[in-house]
>>> print(open('coords-v5.cif').read())   # mmCIF, N, CA and C atoms
data_structure
loop_
_atom_site.label_atom_id
_atom_site.label_comp_id
_atom_site.auth_asym_id
_atom_site.auth_seq_id
_atom_site.Cartn_x
_atom_site.Cartn_y
_atom_site.Cartn_z
N MET A 1 136.68 47.55 99.05
CA MET A 1 135.40 47.91 98.43
C MET A 1 135.14 49.39 98.67
N ASP A 2 134.83 50.13 97.60
CA ASP A 2 134.58 51.56 97.69
C ASP A 2 133.07 51.80 97.65
N ASP A 3 132.51 52.19 98.80
CA ASP A 3 131.08 52.43 98.90
C ASP A 3 130.71 53.90 98.79
N GLU A 4 131.67 54.75 98.51
CA GLU A 4 131.40 56.18 98.43
C GLU A 4 130.50 56.48 97.24
N VAL A 5 129.51 57.31 97.46
CA VAL A 5 128.55 57.67 96.42
C VAL A 5 128.99 58.96 95.75
N ASP A 6 128.94 58.97 94.44
CA ASP A 6 129.22 60.18 93.68
C ASP A 6 127.95 61.04 93.73
N LEU A 7 127.97 62.08 94.56
CA LEU A 7 126.76 62.89 94.77
C LEU A 7 126.30 63.61 93.50
N HIS A 8 127.23 64.05 92.67
CA HIS A 8 126.83 64.69 91.42
C HIS A 8 126.07 63.70 90.54
N GLN A 9 126.59 62.49 90.43
CA GLN A 9 125.92 61.46 89.64
C GLN A 9 124.55 61.14 90.21
N LEU A 10 124.45 61.06 91.53
CA LEU A 10 123.17 60.80 92.19
C LEU A 10 122.15 61.88 91.86
N ILE A 11 122.55 63.13 92.01
CA ILE A 11 121.64 64.26 91.76
C ILE A 11 121.17 64.27 90.31
N GLU A 12 122.04 63.92 89.39
CA GLU A 12 121.67 63.89 87.98
C GLU A 12 120.81 62.68 87.62
N ALA A 13 120.95 61.59 88.38
CA ALA A 13 120.26 60.35 88.04
C ALA A 13 118.83 60.26 88.59
N ILE A 14 118.55 60.94 89.69
CA ILE A 14 117.23 60.77 90.30
C ILE A 14 116.15 61.44 89.47
N GLY A 15 114.93 60.95 89.62
CA GLY A 15 113.81 61.43 88.82
C GLY A 15 113.17 62.70 89.32
N ASP A 16 113.46 63.11 90.55
CA ASP A 16 112.91 64.35 91.08
C ASP A 16 113.85 65.51 90.77
N ALA A 17 113.27 66.68 90.56
CA ALA A 17 114.07 67.87 90.34
C ALA A 17 114.77 68.24 91.65
N VAL A 18 116.02 68.62 91.54
CA VAL A 18 116.78 69.14 92.67
C VAL A 18 117.21 70.54 92.30
N VAL A 19 116.76 71.51 93.09
CA VAL A 19 117.07 72.91 92.84
C VAL A 19 117.66 73.50 94.11
N VAL A 20 118.83 74.10 93.98
CA VAL A 20 119.48 74.77 95.10
C VAL A 20 119.57 76.25 94.75
N SER A 21 119.24 77.09 95.72
CA SER A 21 119.41 78.53 95.54
C SER A 21 120.17 79.09 96.72
N ASN A 22 120.91 80.17 96.47
CA ASN A 22 121.73 80.77 97.51
C ASN A 22 120.92 81.74 98.36
N VAL A 23 121.58 82.43 99.27
CA VAL A 23 120.89 83.33 100.19
C VAL A 23 120.11 84.40 99.44
N ALA A 24 120.63 84.86 98.33
CA ALA A 24 119.95 85.90 97.54
C ALA A 24 118.82 85.35 96.68
N GLY A 25 118.67 84.02 96.65
CA GLY A 25 117.61 83.42 95.86
C GLY A 25 118.02 83.09 94.44
N LYS A 26 119.32 83.15 94.13
CA LYS A 26 119.83 82.81 92.81
C LYS A 26 120.04 81.30 92.73
N ILE A 27 119.64 80.70 91.63
CA ILE A 27 119.76 79.26 91.45
C ILE A 27 121.23 78.89 91.23
N THR A 28 121.70 77.92 92.03
CA THR A 28 123.10 77.48 91.95
C THR A 28 123.23 76.02 91.54
N LEU A 29 122.13 75.27 91.59
CA LEU A 29 122.14 73.88 91.13
C LEU A 29 120.78 73.60 90.50
N TRP A 30 120.80 72.95 89.37
CA TRP A 30 119.58 72.67 88.58
C TRP A 30 119.84 71.36 87.86
N ASN A 31 119.26 70.27 88.35
CA ASN A 31 119.60 68.96 87.77
C ASN A 31 118.79 68.67 86.50
N ARG A 32 119.10 67.53 85.90
CA ARG A 32 118.45 67.12 84.64
C ARG A 32 116.93 67.03 84.79
N ALA A 33 116.47 66.49 85.93
CA ALA A 33 115.02 66.38 86.14
C ALA A 33 114.37 67.77 86.21
N ALA A 34 115.06 68.76 86.75
CA ALA A 34 114.55 70.13 86.76
C ALA A 34 114.44 70.67 85.34
N GLU A 35 115.43 70.34 84.51
CA GLU A 35 115.37 70.76 83.11
C GLU A 35 114.12 70.20 82.44
N GLU A 36 113.88 68.90 82.65
CA GLU A 36 112.73 68.25 82.04
C GLU A 36 111.41 68.78 82.60
N MET A 37 111.37 69.03 83.89
CA MET A 37 110.13 69.47 84.54
C MET A 37 109.75 70.90 84.15
N PHE A 38 110.72 71.80 84.18
CA PHE A 38 110.43 73.22 84.01
C PHE A 38 110.78 73.78 82.63
N GLY A 39 111.52 73.01 81.81
CA GLY A 39 111.81 73.43 80.45
C GLY A 39 113.04 74.29 80.28
N TYR A 40 113.68 74.70 81.34
CA TYR A 40 114.90 75.50 81.27
C TYR A 40 116.11 74.58 81.36
N THR A 41 117.11 74.81 80.51
CA THR A 41 118.36 74.07 80.66
C THR A 41 119.07 74.61 81.91
N ALA A 42 120.04 73.85 82.40
CA ALA A 42 120.82 74.32 83.55
C ALA A 42 121.48 75.65 83.20
N ALA A 43 122.00 75.79 81.98
CA ALA A 43 122.65 77.03 81.57
C ALA A 43 121.69 78.22 81.64
N GLU A 44 120.43 77.99 81.31
CA GLU A 44 119.43 79.07 81.37
C GLU A 44 119.02 79.39 82.80
N ALA A 45 118.95 78.38 83.66
CA ALA A 45 118.44 78.56 85.02
C ALA A 45 119.49 79.06 86.01
N LEU A 46 120.70 78.58 85.87
CA LEU A 46 121.74 78.95 86.83
C LEU A 46 121.97 80.46 86.83
N GLY A 47 121.97 81.04 88.03
CA GLY A 47 122.13 82.48 88.17
C GLY A 47 120.83 83.26 88.14
N GLN A 48 119.76 82.62 87.69
CA GLN A 48 118.44 83.26 87.71
C GLN A 48 117.84 83.14 89.11
N ASN A 49 116.83 83.97 89.41
CA ASN A 49 116.17 83.75 90.70
C ASN A 49 114.96 82.85 90.51
N LEU A 50 114.35 82.48 91.60
CA LEU A 50 113.27 81.49 91.58
C LEU A 50 111.98 81.99 90.93
N ASP A 51 111.95 83.26 90.53
CA ASP A 51 110.77 83.78 89.83
C ASP A 51 110.54 83.04 88.52
N ILE A 52 111.57 82.41 87.96
CA ILE A 52 111.37 81.72 86.67
C ILE A 52 110.40 80.55 86.79
N ILE A 53 110.19 80.05 88.02
CA ILE A 53 109.25 78.94 88.20
C ILE A 53 108.11 79.28 89.16
N THR A 54 108.12 80.49 89.73
CA THR A 54 107.10 80.90 90.69
C THR A 54 106.05 81.75 90.00
N PRO A 55 104.78 81.33 90.04
CA PRO A 55 103.73 82.16 89.44
C PRO A 55 103.73 83.57 90.05
N GLU A 56 103.49 84.55 89.21
CA GLU A 56 103.58 85.95 89.64
C GLU A 56 102.74 86.24 90.88
N ARG A 57 101.53 85.68 90.95
CA ARG A 57 100.64 86.00 92.07
C ARG A 57 101.16 85.47 93.41
N PHE A 58 102.14 84.56 93.39
CA PHE A 58 102.69 84.00 94.63
C PHE A 58 104.07 84.55 94.97
N ARG A 59 104.63 85.38 94.12
CA ARG A 59 106.02 85.81 94.31
C ARG A 59 106.24 86.61 95.58
N ALA A 60 105.39 87.57 95.89
CA ALA A 60 105.60 88.39 97.09
C ALA A 60 105.61 87.52 98.34
N ARG A 61 104.65 86.62 98.45
CA ARG A 61 104.57 85.73 99.61
C ARG A 61 105.78 84.79 99.66
N HIS A 62 106.17 84.28 98.48
CA HIS A 62 107.33 83.40 98.40
C HIS A 62 108.58 84.11 98.92
N TRP A 63 108.85 85.33 98.42
CA TRP A 63 110.07 86.03 98.81
C TRP A 63 110.04 86.47 100.26
N GLU A 64 108.88 86.80 100.77
CA GLU A 64 108.77 87.15 102.20
C GLU A 64 109.22 85.96 103.05
N GLY A 65 108.70 84.78 102.76
CA GLY A 65 109.08 83.58 103.49
C GLY A 65 110.53 83.20 103.25
N TYR A 66 110.99 83.34 102.02
CA TYR A 66 112.36 82.98 101.66
C TYR A 66 113.35 83.83 102.46
N HIS A 67 113.16 85.15 102.43
CA HIS A 67 114.09 86.04 103.13
C HIS A 67 114.03 85.82 104.64
N HIS A 68 112.87 85.54 105.17
CA HIS A 68 112.75 85.23 106.60
C HIS A 68 113.57 83.99 106.93
N SER A 69 113.48 82.96 106.11
CA SER A 69 114.25 81.74 106.33
C SER A 69 115.75 82.00 106.25
N MET A 70 116.16 82.83 105.32
CA MET A 70 117.60 83.14 105.18
C MET A 70 118.10 83.91 106.40
N GLU A 71 117.27 84.80 106.94
CA GLU A 71 117.66 85.59 108.12
C GLU A 71 117.70 84.74 109.39
N THR A 72 116.75 83.83 109.53
CA THR A 72 116.65 83.05 110.76
C THR A 72 117.40 81.73 110.70
N GLY A 73 117.68 81.27 109.50
CA GLY A 73 118.36 79.98 109.34
C GLY A 73 117.45 78.79 109.53
N THR A 74 116.15 79.04 109.51
CA THR A 74 115.19 77.96 109.71
C THR A 74 114.06 78.08 108.68
N THR A 75 113.38 76.98 108.51
CA THR A 75 112.17 76.98 107.70
C THR A 75 111.08 76.30 108.51
N LYS A 76 109.90 76.87 108.49
CA LYS A 76 108.80 76.26 109.24
C LYS A 76 108.27 75.01 108.56
N TYR A 77 108.73 74.74 107.33
CA TYR A 77 108.20 73.61 106.59
C TYR A 77 108.99 72.32 106.81
N GLY A 78 110.20 72.42 107.31
CA GLY A 78 110.98 71.25 107.69
C GLY A 78 110.78 70.05 106.81
N LYS A 79 110.11 69.04 107.33
CA LYS A 79 109.94 67.79 106.60
C LYS A 79 108.57 67.69 105.91
N GLN A 80 107.82 68.79 105.93
CA GLN A 80 106.50 68.80 105.27
C GLN A 80 106.66 68.76 103.75
N THR A 81 105.71 68.12 103.10
CA THR A 81 105.63 68.18 101.64
C THR A 81 104.69 69.33 101.30
N LEU A 82 105.22 70.28 100.56
CA LEU A 82 104.44 71.44 100.15
C LEU A 82 103.89 71.19 98.75
N ARG A 83 102.67 71.64 98.51
CA ARG A 83 102.05 71.50 97.19
C ARG A 83 101.62 72.88 96.72
N VAL A 84 102.19 73.29 95.60
CA VAL A 84 101.93 74.63 95.06
C VAL A 84 101.94 74.59 93.54
N PRO A 85 101.40 75.62 92.91
CA PRO A 85 101.54 75.72 91.46
C PRO A 85 102.93 76.25 91.12
N ALA A 86 103.39 75.93 89.93
CA ALA A 86 104.65 76.46 89.40
C ALA A 86 104.43 76.73 87.92
N ILE A 87 105.39 77.37 87.29
CA ILE A 87 105.25 77.66 85.87
C ILE A 87 106.41 77.07 85.07
N HIS A 88 106.07 76.54 83.92
CA HIS A 88 107.02 75.98 82.96
C HIS A 88 107.54 77.12 82.09
N LYS A 89 108.66 76.92 81.49
CA LYS A 89 109.25 77.92 80.59
C LYS A 89 108.26 78.38 79.52
N ASP A 90 107.43 77.45 79.01
CA ASP A 90 106.48 77.81 77.96
C ASP A 90 105.22 78.50 78.49
N GLY A 91 105.15 78.67 79.83
CA GLY A 91 104.04 79.40 80.44
C GLY A 91 102.94 78.54 81.02
N HIS A 92 102.92 77.24 80.73
CA HIS A 92 101.83 76.44 81.30
C HIS A 92 102.09 76.18 82.79
N THR A 93 101.00 75.96 83.50
CA THR A 93 101.06 75.76 84.95
C THR A 93 101.29 74.30 85.29
N LEU A 94 102.12 74.08 86.28
CA LEU A 94 102.38 72.75 86.83
C LEU A 94 101.86 72.72 88.26
N SER A 95 101.55 71.55 88.74
CA SER A 95 101.25 71.34 90.15
C SER A 95 102.42 70.54 90.70
N ILE A 96 103.16 71.15 91.64
CA ILE A 96 104.35 70.48 92.15
C ILE A 96 104.21 70.19 93.65
N ALA A 97 104.94 69.18 94.07
CA ALA A 97 105.07 68.84 95.50
C ALA A 97 106.56 68.82 95.79
N PHE A 98 106.96 69.43 96.92
CA PHE A 98 108.38 69.49 97.21
C PHE A 98 108.66 69.57 98.70
N THR A 99 109.88 69.19 99.04
CA THR A 99 110.39 69.39 100.40
C THR A 99 111.56 70.34 100.29
N VAL A 100 111.81 71.07 101.37
CA VAL A 100 112.93 72.02 101.40
C VAL A 100 113.79 71.76 102.62
N ALA A 101 115.05 72.11 102.50
CA ALA A 101 115.97 72.02 103.64
C ALA A 101 116.97 73.16 103.55
N MET A 102 117.33 73.68 104.70
CA MET A 102 118.31 74.75 104.76
C MET A 102 119.71 74.17 104.58
N LEU A 103 120.55 74.92 103.90
CA LEU A 103 121.94 74.55 103.72
C LEU A 103 122.83 75.53 104.48
N HIS A 104 123.94 75.03 105.01
CA HIS A 104 124.85 75.86 105.82
C HIS A 104 126.28 75.67 105.35
N ASP A 105 127.09 76.72 105.52
CA ASP A 105 128.49 76.62 105.16
C ASP A 105 129.29 76.02 106.31
N GLU A 106 130.62 75.97 106.15
CA GLU A 106 131.46 75.35 107.17
C GLU A 106 131.46 76.10 108.50
N HIS A 107 130.98 77.36 108.48
CA HIS A 107 130.88 78.15 109.71
C HIS A 107 129.46 78.14 110.28
N HIS A 108 128.63 77.25 109.76
CA HIS A 108 127.25 77.05 110.19
C HIS A 108 126.35 78.25 109.88
N ARG A 109 126.77 79.06 108.91
CA ARG A 109 125.93 80.17 108.44
C ARG A 109 125.08 79.66 107.29
N VAL A 110 123.88 80.18 107.18
CA VAL A 110 123.00 79.78 106.08
C VAL A 110 123.65 80.14 104.75
N SER A 111 123.68 79.16 103.86
CA SER A 111 124.24 79.40 102.53
C SER A 111 123.18 79.29 101.43
N GLY A 112 122.01 78.77 101.79
CA GLY A 112 120.95 78.65 100.81
C GLY A 112 119.94 77.60 101.21
N VAL A 113 119.23 77.12 100.21
CA VAL A 113 118.17 76.15 100.44
C VAL A 113 118.14 75.16 99.27
N VAL A 114 117.78 73.93 99.58
CA VAL A 114 117.60 72.92 98.53
C VAL A 114 116.13 72.51 98.52
N ALA A 115 115.59 72.35 97.34
CA ALA A 115 114.24 71.83 97.17
C ALA A 115 114.31 70.58 96.30
N VAL A 116 113.62 69.55 96.73
CA VAL A 116 113.47 68.33 95.94
C VAL A 116 112.02 68.32 95.49
N ILE A 117 111.83 68.35 94.17
CA ILE A 117 110.52 68.67 93.59
C ILE A 117 110.03 67.55 92.69
N ARG A 118 108.73 67.26 92.82
CA ARG A 118 108.07 66.26 91.98
C ARG A 118 106.90 66.92 91.26
N ASP A 119 106.75 66.60 89.99
CA ASP A 119 105.61 67.10 89.20
C ASP A 119 104.40 66.23 89.51
N GLU A 120 103.38 66.82 90.10
CA GLU A 120 102.15 66.10 90.43
C GLU A 120 100.96 66.61 89.63
N THR A 121 101.22 67.20 88.49
CA THR A 121 100.16 67.78 87.68
C THR A 121 99.11 66.74 87.31
N ALA A 122 99.52 65.58 86.84
CA ALA A 122 98.56 64.54 86.44
C ALA A 122 97.72 64.10 87.63
N ARG A 123 98.36 63.87 88.77
CA ARG A 123 97.62 63.46 89.97
C ARG A 123 96.65 64.55 90.40
N PHE A 124 97.08 65.80 90.36
CA PHE A 124 96.23 66.93 90.74
C PHE A 124 95.00 67.01 89.84
N LEU A 125 95.20 66.86 88.53
CA LEU A 125 94.07 66.94 87.59
C LEU A 125 93.11 65.77 87.78
N GLU A 126 93.65 64.57 88.04
CA GLU A 126 92.79 63.42 88.32
C GLU A 126 91.95 63.65 89.58
N GLU A 127 92.59 64.16 90.61
CA GLU A 127 91.89 64.42 91.87
C GLU A 127 90.81 65.48 91.68
N LYS A 128 91.12 66.50 90.91
CA LYS A 128 90.16 67.56 90.62
C LYS A 128 88.95 67.00 89.88
N GLU A 129 89.19 66.13 88.91
CA GLU A 129 88.11 65.51 88.14
C GLU A 129 87.26 64.60 89.04
N LEU A 130 87.91 63.84 89.92
CA LEU A 130 87.17 62.97 90.84
C LEU A 130 86.28 63.78 91.77
N LYS A 131 86.78 64.89 92.27
CA LYS A 131 85.98 65.76 93.14
C LYS A 131 84.77 66.32 92.39
N LYS A 132 85.00 66.71 91.14
CA LYS A 132 83.92 67.23 90.31
C LYS A 132 82.84 66.16 90.11
N ARG A 133 83.28 64.93 89.80
CA ARG A 133 82.32 63.83 89.60
C ARG A 133 81.56 63.52 90.88
N LEU A 134 82.24 63.56 92.02
CA LEU A 134 81.59 63.29 93.30
C LEU A 134 80.51 64.34 93.57
N ILE A 135 80.81 65.58 93.31
CA ILE A 135 79.83 66.65 93.50
C ILE A 135 78.63 66.42 92.58
N GLU A 136 78.89 66.04 91.32
CA GLU A 136 77.79 65.77 90.38
C GLU A 136 76.93 64.61 90.87
N LEU A 137 77.56 63.53 91.32
CA LEU A 137 76.82 62.36 91.80
C LEU A 137 76.02 62.68 93.04
N GLU A 138 76.59 63.46 93.96
CA GLU A 138 75.88 63.79 95.19
C GLU A 138 74.72 64.75 94.95
N SER A 139 74.78 65.50 93.85
CA SER A 139 73.69 66.45 93.59
C SER A 139 72.53 65.83 92.83
N LYS A 140 72.68 64.58 92.38
CA LYS A 140 71.60 63.90 91.67
C LYS A 140 70.51 63.51 92.65
N PRO A 141 69.25 63.60 92.20
CA PRO A 141 68.14 63.17 93.08
C PRO A 141 68.32 61.70 93.48
N GLY A 142 68.03 61.43 94.73
CA GLY A 142 68.09 60.07 95.24
C GLY A 142 69.50 59.65 95.65
N ALA A 143 70.42 60.58 95.60
CA ALA A 143 71.80 60.23 95.96
C ALA A 143 71.97 60.18 97.46
#
>>> encode(input="coords-v5.cif", output="C-alpha cells")
Amino acid sequence: MDDEVDLHQLIEAIGDAVVVSNVAGKITLWNRAAEEMFGYTAAEALGQNLDIITPERFRARHWEGYHHSMETGTTKYGKQTLRVPAIHKDGHTLSIAFTVAMLHDEHHRVSGVVAVIRDETARFLEEKELKKRLIELESKPGA
C-alpha cells in the first residue's frame, strides 16, 4: 500500500491559497486557490513580489518585517492567524486571514516563507454590519 501524498496535487486541491516567496520576496509558488482569490494566474504572479497583493499603505511595514524575518530566520507570528487587507488584481480590497511559516534549505538557511491564506471578506463585512447594528441599537432611548 502506497500512502505517500503527492504534495503538488495537495497544494493544488486545497481551498486555501498557498503562496511561497523567496528571500527577496519574489513569488515562487502560487496555487489555484491563490489564482481564484487574487485574480492573477500563476504565470502572472510567479516572479513578482508580494506588492501585487499588498495594499500600498501597508507595503513599507510589510517589507520591514519581511526582511527582518529573512535576516533572523524567524517570524514573530509563528502559529498566529493574521488578519489584514489585501488587493485583488482588479483593485478591489479583500479581507484575508493567513498563517506564515519560514522555509529553510538543506543547509538550514532561510530560503523563503509560505503563507496559507483564506478570504474572509464576507465574514469581515458581516461582522462590520453587526457592530454597526449593535451601536445603533445601543444608542436608542431605553436601550
>>> residues_near_point(input="coords-v5.cif", point="(111.4, 73.9, 79.3)", cutoff="6 Å", atoms="only N, CA and C atoms", output="list in words")
Glu35, Met37, Phe38, Gly39, Tyr40, Thr41, His88, Lys89 and Asp90 of chain A
>>> closest_residue(input="coords-v5.cif", among="A:Thr75, A:Leu7, A:Ala43, A:Ala86", to="Pro55 (chain A)", atoms="only N, CA and C atoms")
A:Ala86
>>> closest_residue(input="coords-v5.cif", among="A:Val84, A:Leu29, A:Leu134, A:Ile11", to="Ala42 (chain A)", atoms="all atoms listed in the file")
A:Leu29
>>> resolve_selection(input="coords-v5.cif", expression="the PyMOL selection byres ((chain A and resi 28) around 7)", output="list in words")
Val19, Val20, Ser21, Asn22, Gly25, Lys26, Ile27, Leu29, Trp30, Ala45, Leu46, Gly47 and Gln48 of chain A
>>> resolve_selection(input="coords-v5.cif", expression="the PyMOL selection byres ((chain A and resi 85) around 8)", output="list of chain:residue names")
A:Ile53, A:Thr54, A:Pro55, A:Leu82, A:Arg83, A:Val84, A:Ala86, A:Ile87, A:His88, A:Thr93, A:Leu94, A:Ser95, A:Ile96, A:Ala97
>>> closest_residue(input="coords-v5.cif", among="A:Gln9, A:Ser111, A:Ser139, A:Asn49", to="Gly73 (chain A)", atoms="all atoms listed in the file")
A:Ser111
>>> select_by_dssp(input="coords-v5.cif", residues="chain A", states="strand (DSSP E)", output="MDAnalysis selection string")
chainID A and resid 17:22 27:30 82:87 93:104 110:119
>>> write_last_selection(input="coords-v5.cif", atoms="N, CA and C atoms", output="compact mmCIF listing (two decimals), in the frame of the given file")
# COMPACT_ATOMS: atom_id res chain seq x y z
N ALA A 17 113.27 66.68 90.56
CA ALA A 17 114.07 67.87 90.34
C ALA A 17 114.77 68.24 91.65
N VAL A 18 116.02 68.62 91.54
CA VAL A 18 116.78 69.14 92.67
C VAL A 18 117.21 70.54 92.30
N VAL A 19 116.76 71.51 93.09
CA VAL A 19 117.07 72.91 92.84
C VAL A 19 117.66 73.50 94.11
N VAL A 20 118.83 74.10 93.98
CA VAL A 20 119.48 74.77 95.10
C VAL A 20 119.57 76.25 94.75
N SER A 21 119.24 77.09 95.72
CA SER A 21 119.41 78.53 95.54
C SER A 21 120.17 79.09 96.72
N ASN A 22 120.91 80.17 96.47
CA ASN A 22 121.73 80.77 97.51
C ASN A 22 120.92 81.74 98.36
N ILE A 27 119.64 80.70 91.63
CA ILE A 27 119.76 79.26 91.45
C ILE A 27 121.23 78.89 91.23
N THR A 28 121.70 77.92 92.03
CA THR A 28 123.10 77.48 91.95
C THR A 28 123.23 76.02 91.54
N LEU A 29 122.13 75.27 91.59
CA LEU A 29 122.14 73.88 91.13
C LEU A 29 120.78 73.60 90.50
N TRP A 30 120.80 72.95 89.37
CA TRP A 30 119.58 72.67 88.58
C TRP A 30 119.84 71.36 87.86
N LEU A 82 105.22 70.28 100.56
CA LEU A 82 104.44 71.44 100.15
C LEU A 82 103.89 71.19 98.75
N ARG A 83 102.67 71.64 98.51
CA ARG A 83 102.05 71.50 97.19
C ARG A 83 101.62 72.88 96.72
N VAL A 84 102.19 73.29 95.60
CA VAL A 84 101.93 74.63 95.06
C VAL A 84 101.94 74.59 93.54
N PRO A 85 101.40 75.62 92.91
CA PRO A 85 101.54 75.72 91.46
C PRO A 85 102.93 76.25 91.12
N ALA A 86 103.39 75.93 89.93
CA ALA A 86 104.65 76.46 89.40
C ALA A 86 104.43 76.73 87.92
N ILE A 87 105.39 77.37 87.29
CA ILE A 87 105.25 77.66 85.87
C ILE A 87 106.41 77.07 85.07
N THR A 93 101.00 75.96 83.50
CA THR A 93 101.06 75.76 84.95
C THR A 93 101.29 74.30 85.29
N LEU A 94 102.12 74.08 86.28
CA LEU A 94 102.38 72.75 86.83
C LEU A 94 101.86 72.72 88.26
N SER A 95 101.55 71.55 88.74
CA SER A 95 101.25 71.34 90.15
C SER A 95 102.42 70.54 90.70
N ILE A 96 103.16 71.15 91.64
CA ILE A 96 104.35 70.48 92.15
C ILE A 96 104.21 70.19 93.65
N ALA A 97 104.94 69.18 94.07
CA ALA A 97 105.07 68.84 95.50
C ALA A 97 106.56 68.82 95.79
N PHE A 98 106.96 69.43 96.92
CA PHE A 98 108.38 69.49 97.21
C PHE A 98 108.66 69.57 98.70
N THR A 99 109.88 69.19 99.04
CA THR A 99 110.39 69.39 100.40
C THR A 99 111.56 70.34 100.29
N VAL A 100 111.81 71.07 101.37
CA VAL A 100 112.93 72.02 101.40
C VAL A 100 113.79 71.76 102.62
N ALA A 101 115.05 72.11 102.50
CA ALA A 101 115.97 72.02 103.64
C ALA A 101 116.97 73.16 103.55
N MET A 102 117.33 73.68 104.70
CA MET A 102 118.31 74.75 104.76
C MET A 102 119.71 74.17 104.58
N LEU A 103 120.55 74.92 103.90
CA LEU A 103 121.94 74.55 103.72
C LEU A 103 122.83 75.53 104.48
N HIS A 104 123.94 75.03 105.01
CA HIS A 104 124.85 75.86 105.82
C HIS A 104 126.28 75.67 105.35
N VAL A 110 123.88 80.18 107.18
CA VAL A 110 123.00 79.78 106.08
C VAL A 110 123.65 80.14 104.75
N SER A 111 123.68 79.16 103.86
CA SER A 111 124.24 79.40 102.53
C SER A 111 123.18 79.29 101.43
N GLY A 112 122.01 78.77 101.79
CA GLY A 112 120.95 78.65 100.81
C GLY A 112 119.94 77.60 101.21
N VAL A 113 119.23 77.12 100.21
CA VAL A 113 118.17 76.15 100.44
C VAL A 113 118.14 75.16 99.27
N VAL A 114 117.78 73.93 99.58
CA VAL A 114 117.60 72.92 98.53
C VAL A 114 116.13 72.51 98.52
N ALA A 115 115.59 72.35 97.34
CA ALA A 115 114.24 71.83 97.17
C ALA A 115 114.31 70.58 96.30
N VAL A 116 113.62 69.55 96.73
CA VAL A 116 113.47 68.33 95.94
C VAL A 116 112.02 68.32 95.49
N ILE A 117 111.83 68.35 94.17
CA ILE A 117 110.52 68.67 93.59
C ILE A 117 110.03 67.55 92.69
N ARG A 118 108.73 67.26 92.82
CA ARG A 118 108.07 66.26 91.98
C ARG A 118 106.90 66.92 91.26
N ASP A 119 106.75 66.60 89.99
CA ASP A 119 105.61 67.10 89.20
C ASP A 119 104.40 66.23 89.51
>>> atom_distance(input="coords-v5.cif", atom1="CA of Ala17 (chain A)", atom2="CA of Ala101 (chain A)")
14.1 Å
>>> select_by_dssp(input="coords-v5.cif", residues="region 74-132 of chain A", states="alpha helix (DSSP H)", output="list in words")
Thr121, Ala122, Arg123, Phe124, Leu125, Glu126, Glu127, Lys128, Glu129, Leu130, Lys131 and Lys132 of chain A
>>> atom_distance(input="coords-v5.cif", atom1="atom C of Ala33 (chain A)", atom2="atom C of Ala122 (chain A)")
17.1 Å
>>> build_atoms(input="coords-v5.cif", residues="region 36-40 of chain A", atoms="all heavy atoms", output="tab-separated table (two decimals), in the frame of the given file")
chain	number	residue	atom	x	y	z
A	36	GLU	N	113.88	68.90	82.65
A	36	GLU	CA	112.73	68.25	82.04
A	36	GLU	C	111.41	68.78	82.60
A	36	GLU	O	110.45	68.98	81.86
A	36	GLU	CB	112.83	66.74	82.24
A	36	GLU	CG	113.99	66.12	81.48
A	36	GLU	CD	114.26	64.68	81.86
A	36	GLU	OE1	113.48	64.09	82.64
A	36	GLU	OE2	115.27	64.14	81.39
A	37	MET	N	111.37	69.03	83.89
A	37	MET	CA	110.13	69.47	84.54
A	37	MET	C	109.75	70.90	84.15
A	37	MET	O	108.59	71.18	83.85
A	37	MET	CB	110.27	69.36	86.06
A	37	MET	CG	109.00	69.66	86.82
A	37	MET	SD	109.23	69.48	88.61
A	37	MET	CE	109.78	67.79	88.73
A	38	PHE	N	110.72	71.80	84.18
A	38	PHE	CA	110.43	73.22	84.01
A	38	PHE	C	110.78	73.78	82.63
A	38	PHE	O	110.39	74.90	82.30
A	38	PHE	CB	111.14	74.03	85.09
A	38	PHE	CG	110.67	73.72	86.48
A	38	PHE	CD1	111.48	73.03	87.36
A	38	PHE	CD2	109.40	74.09	86.91
A	38	PHE	CE1	111.06	72.73	88.64
A	38	PHE	CE2	108.96	73.79	88.19
A	38	PHE	CZ	109.80	73.11	89.06
A	39	GLY	N	111.52	73.01	81.81
A	39	GLY	CA	111.81	73.43	80.45
A	39	GLY	C	113.04	74.29	80.28
A	39	GLY	O	113.42	74.60	79.15
A	40	TYR	N	113.68	74.70	81.34
A	40	TYR	CA	114.90	75.50	81.27
A	40	TYR	C	116.11	74.58	81.36
A	40	TYR	O	116.14	73.69	82.20
A	40	TYR	CB	114.99	76.50	82.43
A	40	TYR	CG	113.96	77.58	82.42
A	40	TYR	CD1	112.78	77.44	83.15
A	40	TYR	CD2	114.17	78.76	81.70
A	40	TYR	CE1	111.83	78.45	83.16
A	40	TYR	CE2	113.21	79.76	81.70
A	40	TYR	CZ	112.05	79.60	82.43
A	40	TYR	OH	111.09	80.59	82.43
